[in-house]
Structures are given as C-alpha cells and as structure tokens.
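entry.cif follows (mmCIF, C-alpha atoms and all ligand atoms):
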```cif
data_work
#
loop_
_atom_site.group_PDB
_atom_site.id
_atom_site.type_symbol
_atom_site.label_atom_id
_atom_site.label_comp_id
_atom_site.auth_asym_id
_atom_site.auth_seq_id
_atom_site.Cartn_x
_atom_site.Cartn_y
_atom_site.Cartn_z
ATOM 1 C CA MET A 1 142.153 58.012 231.804
ATOM 2 C CA LYS A 2 142.666 61.681 232.606
ATOM 3 C CA ARG A 3 143.259 64.993 230.802
ATOM 4 C CA ARG A 4 144.712 68.237 231.993
ATOM 5 C CA VAL A 5 142.210 71.076 232.394
ATOM 6 C CA PRO A 6 143.876 74.492 232.702
ATOM 7 C CA SER A 7 140.601 76.434 232.598
ATOM 8 C CA ILE A 8 136.824 76.349 232.366
ATOM 9 C CA SER A 9 135.140 79.464 231.061
ATOM 10 C CA LEU A 10 131.461 80.317 231.609
ATOM 11 C CA ALA A 11 129.585 82.770 229.394
ATOM 12 C CA SER A 12 126.607 84.685 230.779
ATOM 13 C CA PRO A 13 123.736 85.169 230.294
ATOM 14 C CA VAL A 14 123.709 82.382 227.655
ATOM 15 C CA LYS A 15 124.861 79.755 230.171
ATOM 16 C CA SER A 16 127.510 78.098 228.056
ATOM 17 C CA ALA A 17 130.692 76.534 229.426
ATOM 18 C CA LEU A 18 133.974 76.061 227.583
ATOM 19 C CA ILE A 19 136.191 73.233 228.854
ATOM 20 C CA ILE A 20 139.810 73.613 227.816
ATOM 21 C CA LEU A 21 141.728 70.319 227.518
ATOM 22 C CA SER A 22 145.417 71.048 227.166
ATOM 23 C CA GLY A 23 147.981 69.343 224.937
ATOM 24 C CA CYS A 24 147.946 69.197 221.152
ATOM 25 C CA ASN A 25 149.087 66.974 218.280
ATOM 26 C CA PHE A 26 149.872 70.044 216.118
ATOM 27 C CA ASP A 27 152.679 72.482 216.543
ATOM 28 C CA CYS A 28 151.180 75.567 214.905
ATOM 29 C CA ARG A 29 153.645 78.403 214.532
ATOM 30 C CA GLY A 30 150.876 80.949 215.041
ATOM 31 C CA CYS A 31 149.198 79.136 217.955
ATOM 32 C CA ILE A 32 147.668 81.677 220.334
ATOM 33 C CA THR A 33 146.753 79.462 223.264
ATOM 34 C CA VAL A 34 148.828 78.412 226.258
ATOM 35 C CA ALA A 35 146.831 75.171 226.215
ATOM 36 C CA ARG A 36 148.993 73.824 223.383
ATOM 37 C CA GLU A 37 151.334 72.661 226.136
ATOM 38 C CA PRO A 38 150.121 70.007 228.576
ATOM 39 C CA ILE A 39 149.368 72.397 231.441
ATOM 40 C CA GLY A 40 146.856 72.356 234.273
ATOM 41 C CA ARG A 41 145.815 69.697 236.735
ATOM 42 C CA GLU A 42 144.697 66.248 235.576
ATOM 43 C CA PHE A 43 141.038 65.297 235.879
ATOM 44 C CA SER A 44 139.132 62.176 234.898
ATOM 45 C CA ALA A 45 136.047 62.686 232.683
ATOM 46 C CA GLU A 46 133.846 62.309 235.797
ATOM 47 C CA GLU A 47 135.891 64.923 237.660
ATOM 48 C CA THR A 48 135.800 67.291 234.675
ATOM 49 C CA VAL A 49 131.996 67.126 234.580
ATOM 50 C CA GLU A 50 131.870 67.735 238.321
ATOM 51 C CA LEU A 51 134.110 70.741 237.811
ATOM 52 C CA VAL A 52 131.723 72.122 235.187
ATOM 53 C CA LEU A 53 128.725 71.555 237.441
ATOM 54 C CA LYS A 54 130.416 73.275 240.377
ATOM 55 C CA ALA A 55 131.446 76.196 238.178
ATOM 56 C CA GLY A 56 127.839 76.471 236.922
ATOM 57 C CA ARG A 57 126.503 76.446 240.474
ATOM 58 C CA TYR A 58 129.057 79.093 241.494
ATOM 59 C CA VAL A 59 128.152 81.514 238.691
ATOM 60 C CA TRP A 60 124.484 80.820 237.853
ATOM 61 C CA ASN A 61 123.326 78.465 240.547
ATOM 62 C CA SER A 62 122.373 76.073 237.737
ATOM 63 C CA LEU A 63 123.729 73.757 235.051
ATOM 64 C CA PRO A 64 125.116 75.091 231.759
ATOM 65 C CA GLU A 65 122.783 74.787 228.781
ATOM 66 C CA LYS A 66 125.646 74.355 226.325
ATOM 67 C CA VAL A 67 129.139 72.885 226.729
ATOM 68 C CA ILE A 68 131.972 73.473 224.273
ATOM 69 C CA ILE A 69 134.973 71.157 224.492
ATOM 70 C CA GLY A 70 138.109 72.803 223.143
ATOM 71 C CA GLY A 71 141.789 73.014 223.761
ATOM 72 C CA GLY A 72 144.576 72.321 222.946
ATOM 73 C CA GLU A 73 143.059 69.425 221.060
ATOM 74 C CA PRO A 74 140.026 67.687 222.604
ATOM 75 C CA THR A 75 140.258 64.505 220.503
ATOM 76 C CA LEU A 76 143.705 63.374 221.720
ATOM 77 C CA ASN A 77 142.189 60.717 223.956
ATOM 78 C CA PRO A 78 138.997 59.458 222.253
ATOM 79 C CA LYS A 79 137.931 57.293 225.208
ATOM 80 C CA TYR A 80 138.118 60.245 227.568
ATOM 81 C CA LEU A 81 136.191 62.411 225.080
ATOM 82 C CA LEU A 82 133.438 59.825 224.613
ATOM 83 C CA LYS A 83 133.087 59.403 228.359
ATOM 84 C CA LEU A 84 132.969 63.171 228.872
ATOM 85 C CA VAL A 85 130.277 63.665 226.218
ATOM 86 C CA ALA A 86 128.256 60.703 227.550
ATOM 87 C CA LEU A 87 128.340 62.139 231.082
ATOM 88 C CA LEU A 88 127.305 65.598 229.885
ATOM 89 C CA LYS A 89 124.402 64.074 227.971
ATOM 90 C CA ARG A 90 123.400 62.161 231.073
ATOM 91 C CA MET A 91 123.132 65.530 232.849
ATOM 92 C CA ASP A 92 120.649 66.580 230.120
ATOM 93 C CA ILE A 93 123.132 68.997 228.552
ATOM 94 C CA ASN A 94 122.122 68.394 224.963
ATOM 95 C CA ASP A 95 124.050 71.132 223.236
ATOM 96 C CA VAL A 96 127.635 69.856 223.147
ATOM 97 C CA GLN A 97 130.164 71.198 220.676
ATOM 98 C CA ILE A 98 133.702 69.993 219.930
ATOM 99 C CA LYS A 99 136.286 72.460 218.625
ATOM 100 C CA THR A 100 139.004 70.518 216.860
ATOM 101 C CA ASN A 101 141.831 70.697 214.348
ATOM 102 C CA GLY A 102 140.153 67.657 212.747
ATOM 103 C CA TYR A 103 143.243 65.468 212.470
ATOM 104 C CA LEU A 104 142.024 62.659 214.739
ATOM 105 C CA LEU A 105 138.391 62.572 213.664
ATOM 106 C CA ASN A 106 137.689 59.220 212.037
ATOM 107 C CA SER A 107 134.591 57.264 211.105
ATOM 108 C CA TRP A 108 134.599 55.202 214.289
ATOM 109 C CA LEU A 109 134.851 58.244 216.591
ATOM 110 C CA LEU A 110 132.187 60.161 214.657
ATOM 111 C CA LYS A 111 129.811 57.195 214.801
ATOM 112 C CA GLU A 112 130.340 56.845 218.542
ATOM 113 C CA LEU A 113 129.819 60.576 219.131
ATOM 114 C CA LYS A 114 126.713 60.594 216.987
ATOM 115 C CA ARG A 115 125.352 57.635 218.947
ATOM 116 C CA LEU A 116 125.568 59.787 222.092
ATOM 117 C CA GLY A 117 123.099 62.274 220.662
ATOM 118 C CA LEU A 118 123.015 65.808 219.407
ATOM 119 C CA ILE A 119 126.523 67.154 218.933
ATOM 120 C CA SER A 120 128.214 69.697 216.695
ATOM 121 C CA PHE A 121 131.763 70.435 215.580
ATOM 122 C CA VAL A 122 133.961 73.369 214.713
ATOM 123 C CA VAL A 123 136.872 72.359 212.476
ATOM 124 C CA ASP A 124 139.745 74.826 212.515
ATOM 125 C CA VAL A 125 141.536 74.286 209.198
ATOM 126 C CA LYS A 126 145.008 75.801 209.245
ATOM 127 C CA ALA A 127 145.752 75.717 205.491
ATOM 128 C CA PHE A 128 144.479 74.053 202.319
ATOM 129 C CA THR A 129 147.797 73.469 200.544
ATOM 130 C CA ASP A 130 149.461 70.497 202.177
ATOM 131 C CA ASP A 131 152.963 72.001 202.131
ATOM 132 C CA VAL A 132 151.702 75.176 203.823
ATOM 133 C CA HIS A 133 149.854 73.055 206.380
ATOM 134 C CA LYS A 134 152.958 70.962 207.056
ATOM 135 C CA TRP A 135 155.116 74.063 207.484
ATOM 136 C CA TYR A 136 152.595 75.694 209.781
ATOM 137 C CA THR A 137 151.500 72.714 211.926
ATOM 138 C CA GLY A 138 154.144 70.014 211.403
ATOM 139 C CA LYS A 139 151.466 67.651 209.981
ATOM 140 C CA SER A 140 149.796 66.918 206.640
ATOM 141 C CA ASN A 141 146.196 68.124 206.242
ATOM 142 C CA LYS A 142 144.995 65.043 204.318
ATOM 143 C CA ARG A 143 143.305 63.631 207.403
ATOM 144 C CA VAL A 144 141.731 67.017 208.188
ATOM 145 C CA LEU A 145 140.159 67.320 204.744
ATOM 146 C CA ARG A 146 138.987 63.717 204.940
ATOM 147 C CA ALA A 147 137.455 64.451 208.361
ATOM 148 C CA ILE A 148 135.359 67.256 206.860
ATOM 149 C CA LYS A 149 134.012 64.869 204.235
ATOM 150 C CA LEU A 150 133.275 62.321 206.968
ATOM 151 C CA LEU A 151 131.371 64.861 209.058
ATOM 152 C CA ASP A 152 129.188 65.528 206.059
ATOM 153 C CA GLU A 153 128.776 61.823 205.251
ATOM 154 C CA HIS A 154 127.756 61.130 208.861
ATOM 155 C CA ASP A 155 125.272 63.985 208.648
ATOM 156 C CA LEU A 156 126.769 65.776 211.641
ATOM 157 C CA LYS A 157 126.386 69.491 212.264
ATOM 158 C CA PHE A 158 129.628 71.417 211.777
ATOM 159 C CA TYR A 159 131.244 74.582 210.543
ATOM 160 C CA VAL A 160 134.725 75.333 209.297
ATOM 161 C CA ARG A 161 136.947 78.206 210.320
ATOM 162 C CA MET A 162 140.195 79.457 208.893
ATOM 163 C CA THR A 163 142.614 82.220 209.879
ATOM 164 C CA LEU A 164 143.881 84.700 207.326
ATOM 165 C CA ILE A 165 147.630 85.031 207.953
ATOM 166 C CA PRO A 166 149.178 87.521 205.503
ATOM 167 C CA GLY A 167 152.033 85.950 203.559
ATOM 168 C CA VAL A 168 151.296 82.469 204.960
ATOM 169 C CA VAL A 169 147.606 81.653 204.645
ATOM 170 C CA ASP A 170 146.521 84.178 202.048
ATOM 171 C CA ILE A 171 143.287 84.761 200.166
ATOM 172 C CA GLU A 172 144.311 82.090 197.634
ATOM 173 C CA GLU A 173 144.343 79.495 200.451
ATOM 174 C CA ILE A 174 140.882 80.656 201.548
ATOM 175 C CA ARG A 175 139.683 80.401 197.948
ATOM 176 C CA LYS A 176 140.945 76.823 197.524
ATOM 177 C CA MET A 177 139.374 75.789 200.827
ATOM 178 C CA CYS A 178 136.043 77.287 199.805
ATOM 179 C CA ILE A 179 136.113 75.455 196.461
ATOM 180 C CA PHE A 180 136.796 72.221 198.354
ATOM 181 C CA LEU A 181 133.866 72.898 200.724
ATOM 182 C CA SER A 182 131.549 73.931 197.891
ATOM 183 C CA HIS A 183 131.990 70.469 196.339
ATOM 184 C CA ILE A 184 130.722 68.975 199.594
ATOM 185 C CA ASP A 185 127.912 71.447 200.358
ATOM 186 C CA LYS A 186 127.680 75.123 199.474
ATOM 187 C CA SER A 187 125.703 75.827 202.642
ATOM 188 C CA ILE A 188 128.513 74.850 205.042
ATOM 189 C CA LEU A 189 129.108 77.773 207.406
ATOM 190 C CA PHE A 190 132.611 79.187 206.905
ATOM 191 C CA ARG A 191 134.166 81.709 209.309
ATOM 192 C CA ILE A 192 137.271 83.741 208.532
ATOM 193 C CA TYR A 193 139.410 85.062 211.378
ATOM 194 C CA GLY A 194 142.349 87.438 211.317
ATOM 195 C CA PHE A 195 145.773 86.434 212.636
ATOM 196 C CA SER A 196 146.676 87.813 216.113
ATOM 197 C CA PRO A 197 150.439 88.301 216.183
ATOM 198 C CA GLU A 198 150.368 89.605 219.760
ATOM 199 C CA HIS A 199 149.473 86.190 221.203
ATOM 200 C CA ALA A 200 151.196 84.022 218.585
ATOM 201 C CA ARG A 201 153.936 81.580 219.527
ATOM 202 C CA GLU A 202 156.027 82.760 216.545
ATOM 203 C CA LYS A 203 155.644 86.233 215.043
ATOM 204 C CA ILE A 204 155.288 84.819 211.544
ATOM 205 C CA SER A 205 153.033 87.563 210.216
ATOM 206 C CA ARG A 206 150.993 90.659 211.012
ATOM 207 C CA ARG A 207 147.325 91.298 211.695
ATOM 208 C CA PRO A 208 145.413 91.467 208.359
ATOM 209 C CA SER A 209 143.775 94.807 207.548
ATOM 210 C CA ARG A 210 139.994 95.203 207.387
ATOM 211 C CA SER A 211 140.192 95.465 203.599
ATOM 212 C CA GLU A 212 142.166 92.209 203.374
ATOM 213 C CA LEU A 213 139.536 90.480 205.516
ATOM 214 C CA LEU A 214 136.814 91.975 203.341
ATOM 215 C CA ARG A 215 138.522 90.705 200.199
ATOM 216 C CA ALA A 216 138.812 87.223 201.717
ATOM 217 C CA TYR A 217 135.127 87.385 202.638
ATOM 218 C CA ARG A 218 134.111 88.415 199.110
ATOM 219 C CA GLU A 219 136.248 85.667 197.612
ATOM 220 C CA ALA A 220 134.725 83.050 199.914
ATOM 221 C CA GLN A 221 131.231 84.255 199.044
ATOM 222 C CA LEU A 222 131.831 83.376 195.411
ATOM 223 C CA TYR A 223 131.766 79.691 196.382
ATOM 224 C CA LEU A 224 129.825 79.392 199.644
ATOM 225 C CA ASP A 225 126.431 80.646 200.819
ATOM 226 C CA ASN A 226 127.236 81.121 204.524
ATOM 227 C CA VAL A 227 130.393 83.129 205.100
ATOM 228 C CA ARG A 228 131.159 85.211 208.201
ATOM 229 C CA VAL A 229 134.140 87.214 209.355
ATOM 230 C CA GLY A 230 135.203 86.783 212.978
ATOM 231 C CA PRO A 231 133.110 85.466 215.830
ATOM 232 C CA ASP A 232 129.396 86.000 216.221
ATOM 233 C CA PRO A 233 129.003 89.693 217.305
ATOM 234 C CA GLU A 234 126.708 88.494 220.099
ATOM 235 C CA THR A 235 129.741 86.952 221.863
ATOM 236 C CA PHE A 236 131.082 90.467 222.533
ATOM 237 C CA LYS A 237 128.028 91.222 224.638
ATOM 238 C CA LEU A 238 128.642 88.278 226.948
ATOM 239 C CA GLU A 239 130.342 88.259 230.326
ATOM 240 C CA TYR A 240 132.877 85.519 230.942
ATOM 241 C CA THR A 241 133.943 83.974 234.220
ATOM 242 C CA GLU A 242 137.019 81.816 233.810
ATOM 243 C CA PHE A 243 138.121 79.333 236.452
ATOM 244 C CA ARG A 244 141.889 79.037 236.043
ATOM 245 C CA ASP A 245 144.333 76.526 237.422
ATOM 246 C CA ASP A 246 145.970 78.270 240.379
ATOM 247 C CA SER A 247 149.496 77.540 239.127
ATOM 248 C CA LEU A 248 148.737 79.429 235.881
ATOM 249 C CA LEU A 249 147.255 82.632 237.278
ATOM 250 C CA GLU A 250 150.289 84.746 236.451
ATOM 251 C CA ARG A 251 150.377 83.525 232.848
ATOM 252 C CA TYR A 252 146.696 84.265 232.427
ATOM 253 C CA ALA A 253 147.099 87.731 233.977
ATOM 254 C CA LYS A 254 149.687 88.578 231.311
ATOM 255 C CA ILE A 255 147.347 87.350 228.552
ATOM 256 C CA ASP A 256 144.534 89.480 230.038
ATOM 257 C CA GLU A 257 146.773 92.527 230.010
ATOM 258 C CA VAL A 258 147.660 92.163 226.316
ATOM 259 C CA SER A 259 144.079 91.290 225.365
ATOM 260 C CA LYS A 260 142.631 94.301 227.198
ATOM 261 C CA SER A 261 145.046 96.621 225.385
ATOM 262 C CA LEU A 262 143.884 95.192 222.034
ATOM 263 C CA ASN A 263 140.198 94.761 222.623
ATOM 264 C CA ARG A 264 137.922 97.135 224.485
ATOM 265 C CA ASN A 265 135.305 94.397 224.648
ATOM 266 C CA TRP A 266 137.566 92.008 226.588
ATOM 267 C CA ASN A 267 135.300 90.913 229.386
ATOM 268 C CA ILE A 268 136.782 87.947 231.223
ATOM 269 C CA LYS A 269 136.895 87.717 234.980
ATOM 270 C CA GLY A 270 139.542 85.220 236.104
ATOM 271 C CA ILE A 271 138.905 83.164 239.248
ATOM 272 C CA PRO A 272 141.321 80.636 240.817
ATOM 273 C CA MET A 273 140.068 77.111 240.180
ATOM 274 C CA SER A 274 140.708 76.303 243.853
ATOM 275 C CA ARG A 275 137.444 78.181 244.628
ATOM 276 C CA ILE A 276 135.502 75.211 243.280
ATOM 277 C CA LEU A 277 137.880 72.529 244.565
ATOM 278 C CA PRO A 278 138.064 69.985 246.129
ATOM 279 C CA LEU A 279 135.550 68.186 243.989
ATOM 280 C CA LYS A 280 134.208 65.826 246.627
ATOM 281 C CA ASP A 281 132.832 67.848 249.499
HETATM 282 S S1 LIG B 1 145.807 72.995 216.693
HETATM 283 FE FE1 LIG B 1 145.172 74.758 217.943
HETATM 284 S S2 LIG B 1 145.992 74.350 219.989
HETATM 285 FE FE2 LIG B 1 147.018 72.958 218.564
HETATM 286 S S3 LIG B 1 148.928 73.994 218.072
HETATM 287 FE FE3 LIG B 1 147.402 74.499 216.486
HETATM 288 S S4 LIG B 1 146.434 76.413 217.142
HETATM 289 FE FE4 LIG B 1 147.513 75.549 218.913
#
```
Encoded form using structure tokens:
Amino acid sequence: MKRRVPSISLASPVKSALIILSGCNFDCRGCITVAREPIGREFSAEETVELVLKAGRYVWNSLPEKVIIGGGEPTLNPKYLLKLVALLKRMDINDVQIKTNGYLLNSWLLKELKRLGLISFVVDVKAFTDDVHKWYTGKSNKRVLRAIKLLDEHDLKFYVRMTLIPGVVDIEEIRKMCIFLSHIDKSILFRIYGFSPEHAREKISRRPSRSELLRAYREAQLYLDNVRVGPDPETFKLEYTEFRDDSLLERYAKIDEVSKSLNRNWNIKGIPMSRILPLKD
C-alpha cells in the first residue's frame, strides 16, 4: 500500500508540513498542479511519515506542529490515508488537515478519520451546477455536495473553497454554492480564489479582476457569515522549504520561474528530496 510523493513542503516559522500525494480521480481543465499525474517516488505510509520527520529535522530540528495532506487527491487510497493519519497522531501531531475534492469522502471514511482524533478538511468545490462540474472535472458533483453534508453531520471541522473562473465558474455559481452552504450552516468558512491561467492545464479562461473577485465576495456575504478572498494573508509572510523528487527538479524550476514573475511574495526554496534519503540510516 504505497502512494507517490512528489514533494513535501515545510512552512516556517509556523512549523507546518504539506505532503503532496500525486494522482487524481478528477481531470480538471484548469488544474494548476503537476501532482494531478501520478509522479514522484512511491512511499508506504510509514515511509511518508519518516520523510516528514526527516524534513522537519533538516529544517527546524524538530517535528512539525501541523501536517496538511494534499495532492493530487489524498483520498484515493483510504487505507493508506487512514494509516498515514494514525501514524501522524501517534507522533503527537494533532493538527492534521486533509485538502480534498470531496468526491471519495463517505460516511465510513469520515467516521474512521474522526476516530483517529482531531482532524480538519478543506473541500475544493469546482462548480455547483452539475453540468459545469462534469465539463470541468469529468465527474458529477453529487458526491461532493453529499460529502459536505456528511462533514457537517459528523461534526467535523471543515471549510469550502471555490475558484472564480470567468465564463466558466461565474458569480452565479458562487451564489448557488453559498445558498447550498447556508442551508447547512451559515457560519461555514468559504474562501474564493481567482483562476490562474498561467499554471492551468488548459487555458480555458483569464484571471478574474479585483472588482470581479470583490463582487463574488459581496454576493457570497449575502448568504454566509465567514467569507474570505484568497489565502490567509499570513501565509505570504512564511518561508517555504520544499523537498522535491529529484526526477522532477526541472519541472519545478519552470513552475518557480513563472510563479516568481507573477508573485513578488513567492518564497519557496526547492531542495532535492535525495538530501533526506535514504530513509533508513
Ligand atoms: S481535483 Fe485538484 S488535483 Fe485533481 S485534477 Fe482537479 S485541480 Fe487537479
């Protein structure tokens, strides 16, 4: 039972680690991550935790305080995910977050994850209208919307994010999603992001303007109490050290180049993963 891990990214000084598990069950046209493809070396859950611990020792000389499991899609192999979370908890890392497209979250998996202790979720909803979702991802969103209800029913901590993609996922989509969420709980945190055409797999749209994002924000606020645009501003103050699979260094260097030209705050230092390998020493 293994998953491919193309990178592990550590944020300082907050001591959080992001594990990227590659491969995905969606085929989003606007996907911005290389981890959609099954890339990177395979690691068992035990090896992945060891990798995180070694990365933590390398950067901080200590364990991470928070671990985020993202991708790609982290729920593709539930047994691997459960094992990974259980091992992290055993290391006393209590703040574990799963970033998911929501499609494979079901009652059984949520119960098992809850049993392992404190855990939170980020559900990235691609579109509210099923036809838009199918066009964009290749899959229906019925399971995704059900998963959000289940998270609430299981009393798990989560927030929902959505990307404004002009002409594809417009303000009307955001509005419908917010109405849906408001019927569950008006206090659900909802984050709106803007589409990044520069990194997208297909150039299906453009970057939304600030005023379009503001309009989406105002619309969302009509239905929900906790709406934000973009990531937490604090994340821009962090320094990131990313351990990258050695075979992918060139691909990552190209991504860095584009990102730096777009974002003055881009602050990621790439390190070959071989620096913390082999695992057993
Ligand atoms: S769910 Fe995420 S990783 Fe998967 S294809 Fe969509 S954007 Fe990419």
Distance query 6 Å from (144.0, 77.0, 234.9) using only C-alpha atoms, result as a PDB file with C-alpha atoms, in the coordinates of the input:
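Dumped to result_38.pdb:
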```pdb
ATOM      1  CA  PRO A   6     143.876  74.492 232.702  1.00  0.00           C
ATOM      2  CA  SER A   7     140.601  76.434 232.598  1.00  0.00           C
ATOM      3  CA  GLY A  40     146.856  72.356 234.273  1.00  0.00           C
ATOM      4  CA  ARG A 244     141.889  79.037 236.043  1.00  0.00           C
ATOM      5  CA  ASP A 245     144.333  76.526 237.422  1.00  0.00           C
ATOM      6  CA  ASP A 246     145.970  78.270 240.379  1.00  0.00           C
ATOM      7  CA  LEU A 248     148.737  79.429 235.881  1.00  0.00           C
TER       8      LEU A 248
END
```
query = Residues at most 7 Å from ligand LIG 1 (chain B), using only C-alpha atoms and all ligand atoms? Could they come as a list in words?
reply =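 Result of the 7 Å neighbour search around ligand LIG 1 (chain B): Cys24, Asn25, Phe26, Asp27, Cys28, Gly30, Cys31, Ile32, Thr33, Ala35, Arg36, Gly71, Gly72, Glu73, Asn101 and Thr137 of chain A.
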ask   = Residues at most 7 Å from Lys99 (chain A), counting only C-alpha atoms, excluding those fewer than 5 positions away in the same chain, as a PyMOL selection string?
value = chain A and resi 69-70+121-123
Any chance you could resolve the PyMOL selection byres (((chain A and resi 214-219) around 12) and not hetatm) against this file and give the residues as a short mmCIF file (atom, residue, chain, number, x, y, z; two decimals) with C-alpha atoms, in the frame of the given file?
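And here is the file that came out, selection_37.cif:
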```cif
data_model
loop_
_atom_site.label_atom_id
_atom_site.label_comp_id
_atom_site.auth_asym_id
_atom_site.auth_seq_id
_atom_site.Cartn_x
_atom_site.Cartn_y
_atom_site.Cartn_z
CA MET A 162 140.20 79.46 208.89
CA THR A 163 142.61 82.22 209.88
CA LEU A 164 143.88 84.70 207.33
CA ILE A 165 147.63 85.03 207.95
CA PRO A 166 149.18 87.52 205.50
CA VAL A 169 147.61 81.65 204.64
CA ASP A 170 146.52 84.18 202.05
CA ILE A 171 143.29 84.76 200.17
CA GLU A 172 144.31 82.09 197.63
CA GLU A 173 144.34 79.50 200.45
CA ILE A 174 140.88 80.66 201.55
CA ARG A 175 139.68 80.40 197.95
CA LYS A 176 140.94 76.82 197.52
CA MET A 177 139.37 75.79 200.83
CA CYS A 178 136.04 77.29 199.80
CA ILE A 179 136.11 75.46 196.46
CA PHE A 190 132.61 79.19 206.90
CA ARG A 191 134.17 81.71 209.31
CA ILE A 192 137.27 83.74 208.53
CA TYR A 193 139.41 85.06 211.38
CA GLY A 194 142.35 87.44 211.32
CA PRO A 208 145.41 91.47 208.36
CA SER A 209 143.78 94.81 207.55
CA ARG A 210 139.99 95.20 207.39
CA SER A 211 140.19 95.46 203.60
CA GLU A 212 142.17 92.21 203.37
CA LEU A 213 139.54 90.48 205.52
CA ALA A 220 134.72 83.05 199.91
CA GLN A 221 131.23 84.26 199.04
CA LEU A 222 131.83 83.38 195.41
CA TYR A 223 131.77 79.69 196.38
CA LEU A 224 129.82 79.39 199.64
CA ASP A 225 126.43 80.65 200.82
CA ASN A 226 127.24 81.12 204.52
CA VAL A 227 130.39 83.13 205.10
CA ARG A 228 131.16 85.21 208.20
CA VAL A 229 134.14 87.21 209.36
CA GLY A 230 135.20 86.78 212.98
#
```
ask   = Care to translate the PyMOL selection byres (((chain A and resi 51) around 10) and not hetatm) into actual residues of this file, as a list in words?
value =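 Output of the PyMOL selection byres (((chain A and resi 51) around 10) and not hetatm): Val5, Ile8, Ile19, Phe43, Ala45, Glu46, Glu47, Thr48, Val49, Glu50, Val52, Leu53, Lys54, Ala55, Gly56, Arg57, Phe243, Met273, Ile276, Leu277, Pro278 and Leu279 of chain A.
For the set A:Trp135, A:Leu151, A:Lys260, A:Asp185, the residue with the smallest atom-to-atom gap to Glu198 (chain A) is A:Lys260, counting only C-alpha atoms.
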key: Residue contacts of region 116-118 of chain A (8 Å, only C-alpha atoms) excluding same-chain residues fewer than 5 positions away, as a list in words   =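 The contact residues come out as Val85, Ala86, Lys89, Asn94, Asp95 and Val96 of chain A.
Shortest atom-to-atom contact with Val144 (chain A) among A:Val125, A:Ile20, A:Ile93, A:Val67: A:Val125, counting all atoms listed in the file.
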ask   = What gap, in Å, lies between CA of Leu109 (chain A) and CA of Gly23 (chain A)?
value =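 According to the coordinates, CA of Leu109 (chain A) and CA of Gly23 (chain A) are separated by 19.1 Å.
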Check which residues satisfy the PyMOL selection byres (((chain A and resi 2) around 12) and not hetatm) in the file shown, then give them as a PDB file with C-alpha atoms, in the frame of the given file.
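Writing the result to result.pdb gives the following:
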```pdb
ATOM      1  CA  MET A   1     142.153  58.012 231.804  1.00  0.00           C
ATOM      2  CA  ARG A   3     143.259  64.993 230.802  1.00  0.00           C
ATOM      3  CA  ARG A   4     144.712  68.237 231.993  1.00  0.00           C
ATOM      4  CA  VAL A   5     142.210  71.076 232.394  1.00  0.00           C
ATOM      5  CA  LEU A  21     141.728  70.319 227.518  1.00  0.00           C
ATOM      6  CA  SER A  22     145.417  71.048 227.166  1.00  0.00           C
ATOM      7  CA  PRO A  38     150.121  70.007 228.576  1.00  0.00           C
ATOM      8  CA  GLY A  40     146.856  72.356 234.273  1.00  0.00           C
ATOM      9  CA  ARG A  41     145.815  69.697 236.735  1.00  0.00           C
ATOM     10  CA  GLU A  42     144.697  66.248 235.576  1.00  0.00           C
ATOM     11  CA  PHE A  43     141.038  65.297 235.879  1.00  0.00           C
ATOM     12  CA  SER A  44     139.132  62.176 234.898  1.00  0.00           C
ATOM     13  CA  ALA A  45     136.047  62.686 232.683  1.00  0.00           C
ATOM     14  CA  GLU A  46     133.846  62.309 235.797  1.00  0.00           C
ATOM     15  CA  GLU A  47     135.891  64.923 237.660  1.00  0.00           C
ATOM     16  CA  THR A  48     135.800  67.291 234.675  1.00  0.00           C
ATOM     17  CA  PRO A  74     140.026  67.687 222.604  1.00  0.00           C
ATOM     18  CA  LEU A  76     143.705  63.374 221.720  1.00  0.00           C
ATOM     19  CA  ASN A  77     142.189  60.717 223.956  1.00  0.00           C
ATOM     20  CA  PRO A  78     138.997  59.458 222.253  1.00  0.00           C
ATOM     21  CA  LYS A  79     137.931  57.293 225.208  1.00  0.00           C
ATOM     22  CA  TYR A  80     138.118  60.245 227.568  1.00  0.00           C
ATOM     23  CA  LEU A  81     136.191  62.411 225.080  1.00  0.00           C
ATOM     24  CA  LYS A  83     133.087  59.403 228.359  1.00  0.00           C
ATOM     25  CA  LEU A  84     132.969  63.171 228.872  1.00  0.00           C
TER      26      LEU A  84
END
```
task = Work out how far CA of Ala11 (chain A) is from CA of Asp152 (chain A), in Å to one decimal.
result =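 Atom-to-atom, CA of Asp152 (chain A) to CA of Ala11 (chain A), that is 29.0 Å.
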task = Within 6 Å of Leu105 (chain A), counting all atoms listed in the file, which residues show up once you throw out same-chain ones fewer than 2 positions away? Write them as JSON, numbers by chain, please.
result = {"A": [102, 103, 147]}
request  = Between A:Pro13, A:Val34, A:Glu250, A:Arg207, single out the one closest to Leu262 (chain A), counting all atoms listed in the file.
outcome  =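 So, comparing all the options, the nearest one is A:Arg207.
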ask   = When you draw a straight line from CA of Met91 (chain A) to CA of Leu63 (chain A), how long is it in Å?
value =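 Here the two named atoms are 8.5 Å from each other.
Proximity to His154 (chain A) at 9 Å, evaluated using all atoms listed in the file and with sequence-adjacent residues fewer than 4 positions away removed, yields Ser107, Leu110, Lys111, Lys114, Lys149 and Leu150 of chain A.
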